[in-house]
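Colleague: Provided herewith is a single structure, encoded as structure tokens, for subsequent inquiry.
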Amino acid sequence: MAAPVTPHTATHTAVLKALATRAYAVVADVLDWPLYFTPCLHAQVLDSAPDGERIRLWALVGDEVRSWTSRRTFDPAGLRIGFRQENSRAPLASMGGHWAFTAEPAEGTSTLVLAHDWTLTDDAPAAARWVAEALDRNSTAEVAAVVSWAERTETAGELMFSFTDETTIDGPPSEAYAFLYRADLWPDRLPHVARLDLDTTAADEATGGAEVQTLEMDTAAADGTAHTTRSVRLCFPSSAGSPARIVYKQTTVPRPLLGHSGEWTVTATEDGRTRVTARHSVALDPDDITTYFGTGTNLADARTKVRDALGGNSRRTLAAARAHVESGRR
């Protein structure tokens with residue numbers, strides 16, 4: 001006879017000085033989660049419908065990268081978002097819950113509730129404690145992020161933006177991908193990288209098929225300033241016709257940013273060459289803009305300056321990748 005399944009639950013709540021609809025909007029747009037939520041590394045929408053969607057997430061759970069797919073249901077009238085994992089990994093047997101947002105009597109205030117329920121494959125105390133502590137840590141960070149973003153004077157659209165740079169290389173995608181993948185060699189290959197420490201974890205089912213790279217890097221900007229950043233990279237070599245990708249999130253960001261994530265995509269072109277695209281998604285820190293850039297700097301100015309700095313580094317990396325691949329083919 002099978003042992004009884006022990007249900008576990010947890011609830012995290014907060015009161016916001018913001019409209020419930022604004023807090024709901026933060027949680028509803030999963031593609032922006034890497035910029036909103038510290039634990040979230042990458043998000044994909046696999047299927048979408050008006051009342052819900054199927055998503056895949058990569059996130060830090062404790063010190064480990066974990067990936068899973070979930071179904072989400074939307075109730076914008078009731079301000080409620082439900083979620084349920086499709087493929088929970090041991091020690092989880094199942095995981096689900098909901099976000100709920102309620103307007104309070106005081107004008108412009110609301111309450112949010114993040115509720116979880118789960119069962120375990122093994123009710124050993126160590127497993128139960130690990131899950132409970134990891135969930136509490138991530139949920140606390142996510143609730144705090146929703147409060148912070150919902151209460152901001154600026155909208156997400158004013159602080160977040162994305163941009164791309166690209167180049168075409170006379171060489172195969174595998175060689176261009178190898179240049180980007182071997183970040184441990186960047187201090188010798190890229191003049192703006194002064195130091196880089198890299199740790200790699202092999203791909204498996206728990207990481208959603210991604211090889212995980214954790215790196216710390218000292219970077220010199222064009223204006224002479226230096227930044228130390230820490231990132232997690234999810235590496236996906238080309239397979240079954242899908243382009244090779246390296247998705248990353250900076251877990252320690254340079255000023256004046258609240259968040260920074262991005263992606264390198266390596267695609268074969270019809271004429272036998274390779275297109276490499278660098279995409280950045282950025283969230284500005286409005287409280288640090290004038291301190292960092294100087295008095296009188298507005299959001300539009302800051303967007304231009306950040307785009308120039310990050311894009312400049314990307315363009316230098318793209319140029320170095322092109323020169324490296326093409327020099328080996330002469």
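Residue numbering restarts at 1 for every chain of the structure tokens, chains are lettered A, B, ... in their displayed order, and ligands are numbered from 1 as they appear.
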Could you give me, as a PDB file with C-alpha atoms, in the first residue's frame, each residue of region 13-61 of chain A that DSSP assigns to strand (DSSP E or B) when run on this structure's backbone?

Modeller:
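Listed below is the output, part_6.pdb:
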ATOM      1  CA  THR A  13       1.214  38.446   1.597  1.00  0.00           C
ATOM      2  CA  ALA A  14       1.896  42.166   1.309  1.00  0.00           C
ATOM      3  CA  VAL A  15       0.025  45.458   1.384  1.00  0.00           C
ATOM      4  CA  LEU A  16       0.813  47.814  -1.491  1.00  0.00           C
ATOM      5  CA  CYS A  40      14.087  34.078 -12.457  1.00  0.00           C
ATOM      6  CA  LEU A  41      16.753  33.592 -15.131  1.00  0.00           C
ATOM      7  CA  HIS A  42      14.713  33.080 -18.302  1.00  0.00           C
ATOM      8  CA  ALA A  43      11.072  32.663 -19.338  1.00  0.00           C
ATOM      9  CA  GLN A  44       9.394  31.362 -22.482  1.00  0.00           C
ATOM     10  CA  VAL A  45       5.738  31.294 -23.517  1.00  0.00           C
ATOM     11  CA  LEU A  46       5.153  27.930 -25.207  1.00  0.00           C
ATOM     12  CA  ASP A  47       1.407  28.271 -25.887  1.00  0.00           C
ATOM     13  CA  SER A  48      -0.929  31.180 -25.323  1.00  0.00           C
ATOM     14  CA  ALA A  49      -4.700  31.762 -25.148  1.00  0.00           C
ATOM     15  CA  GLY A  52      -4.083  31.282 -19.942  1.00  0.00           C
ATOM     16  CA  GLU A  53      -0.745  30.099 -21.216  1.00  0.00           C
ATOM     17  CA  ARG A  54       1.826  27.355 -20.989  1.00  0.00           C
ATOM     18  CA  ILE A  55       5.278  28.560 -19.975  1.00  0.00           C
ATOM     19  CA  ARG A  56       8.792  27.293 -19.316  1.00  0.00           C
ATOM     20  CA  LEU A  57      10.894  28.886 -16.597  1.00  0.00           C
ATOM     21  CA  TRP A  58      14.535  28.680 -15.585  1.00  0.00           C
ATOM     22  CA  ALA A  59      15.250  29.910 -12.072  1.00  0.00           C
ATOM     23  CA  LEU A  60      17.735  29.748  -9.245  1.00  0.00           C
ATOM     24  CA  VAL A  61      16.425  27.426  -6.543  1.00  0.00           C
TER      25      VAL A  61
END

Colleague: Check the DSSP output for the backbone and give back, as number ranges by chain, the residues of region 133-203 of chain A in alpha helix (DSSP H).

Modeller: A: 133-151, 156-159, 173-181, 186-189

Colleague: Would you list the contacts of Arg80 (chain A) as a list in words, taking every protein, DNA or RNA residue within 12 Å and counting only C-alpha atoms, but skipping same-chain residues closer than 3 positions in sequence?

Modeller: Ala20, Thr21, Ala23, Tyr24, Ala25, Val27, Ala28, Asp51, Gly52, Arg72, Thr73, Phe74, Asp75, Pro76, Ala77, Phe83, Gly97, His98, Trp99, Ala100, Phe101, Thr102, Thr111, Leu112, Val113, Leu114 and Ala115 of chain A

Colleague: Do you have, as a Markdown table, the list of residues of region 252-279 of chain A lying at most 12 Å from region 150-166 of chain A, each with its nearest atom pair and that distance in Å to one decimal, counting only C-alpha atoms and ordered by chain then number?

Modeller:
| residue | atom | partner | partner_atom | distance |
| --- | --- | --- | --- | --- |
| A:Pro256 | CA | A:Leu159 | CA | 11.2 |
| A:Leu257 | CA | A:Leu159 | CA | 9.4 |
| A:Leu258 | CA | A:Leu159 | CA | 9.2 |
| A:Gly259 | CA | A:Met160 | CA | 8.9 |
| A:His260 | CA | A:Met160 | CA | 9.5 |
| A:Ser261 | CA | A:Ser162 | CA | 9.5 |
| A:Gly262 | CA | A:Ser162 | CA | 8.8 |
| A:Glu263 | CA | A:Thr164 | CA | 9.4 |
| A:Trp264 | CA | A:Glu166 | CA | 9.4 |
| A:Thr265 | CA | A:Glu166 | CA | 9.3 |
| A:Val266 | CA | A:Glu166 | CA | 9.8 |
| A:Thr267 | CA | A:Glu166 | CA | 10.9 |
| A:Thr274 | CA | A:Glu166 | CA | 10.4 |
| A:Arg275 | CA | A:Glu166 | CA | 7.0 |
| A:Val276 | CA | A:Glu166 | CA | 5.5 |
| A:Thr277 | CA | A:Glu166 | CA | 4.2 |
| A:Ala278 | CA | A:Asp165 | CA | 5.3 |
| A:Arg279 | CA | A:Thr164 | CA | 4.4 |

Colleague: Neighbours of Ala178 (chain A) within 12 Å (only C-alpha atoms; same-chain residues fewer than 5 positions away dropped), as a list in words?

Modeller: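 So the residues in contact are Gly171, Pro172, Pro173, Ala183, Asp184, Leu185, Trp186, Cys235, Phe236, Pro237, Ser238, Ala244, Arg245, Ile246, Trp264, Val266, Val276, Ala321, Arg322, His324 and Val325 of chain A.
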
Colleague: Could you name the residues that touch Ala206 (chain A) at 8 Å or less, counting only C-alpha atoms, but leaving out those on the same chain fewer than 5 positions away, as a list of chain:residue names?

Modeller: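 Non-adjacent residues within range: A:Val65, A:Arg66, A:Ser67, A:Trp68, A:Arg89.
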
Colleague: I want to know what sits within 8 Å of Gly96 (chain A), based on only C-alpha atoms, with residues of the same chain fewer than 6 positions away left out; could you give that as JSON, numbers by chain?

Modeller: {"A": [82, 83, 84, 85, 116, 117, 118]}

Colleague: Write out as a PyMOL selection string each polymer residue whose atoms come within 12 Å of Pro254 (chain A), counting only C-alpha atoms; drop sequence neighbours fewer than 3 positions from it.

Modeller: chain A and resi 217-221+225-231+250-251+257-260+282-285+288-289+292+306+309-310

Colleague: CA of Leu196 (chain A) and CA of Ser327 (chain A) are how many Å apart?

Modeller: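 Calculated distance between CA of Leu196 (chain A) and CA of Ser327 (chain A) is 24.2 Å.
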
Colleague: Between CA of Leu120 (chain A) and CA of Ala90 (chain A), what is the spacing in Å?

Modeller: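 Atom-to-atom, CA of Ala90 (chain A) to CA of Leu120 (chain A), that is 7.3 Å.
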
Colleague: What's the separation between CA of Gly272 (chain A) and CA of Arg233 (chain A), in Å to one decimal place?

Modeller: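 If I compute the distance from CA of Gly272 (chain A) to CA of Arg233 (chain A), I get 27.6 Å.
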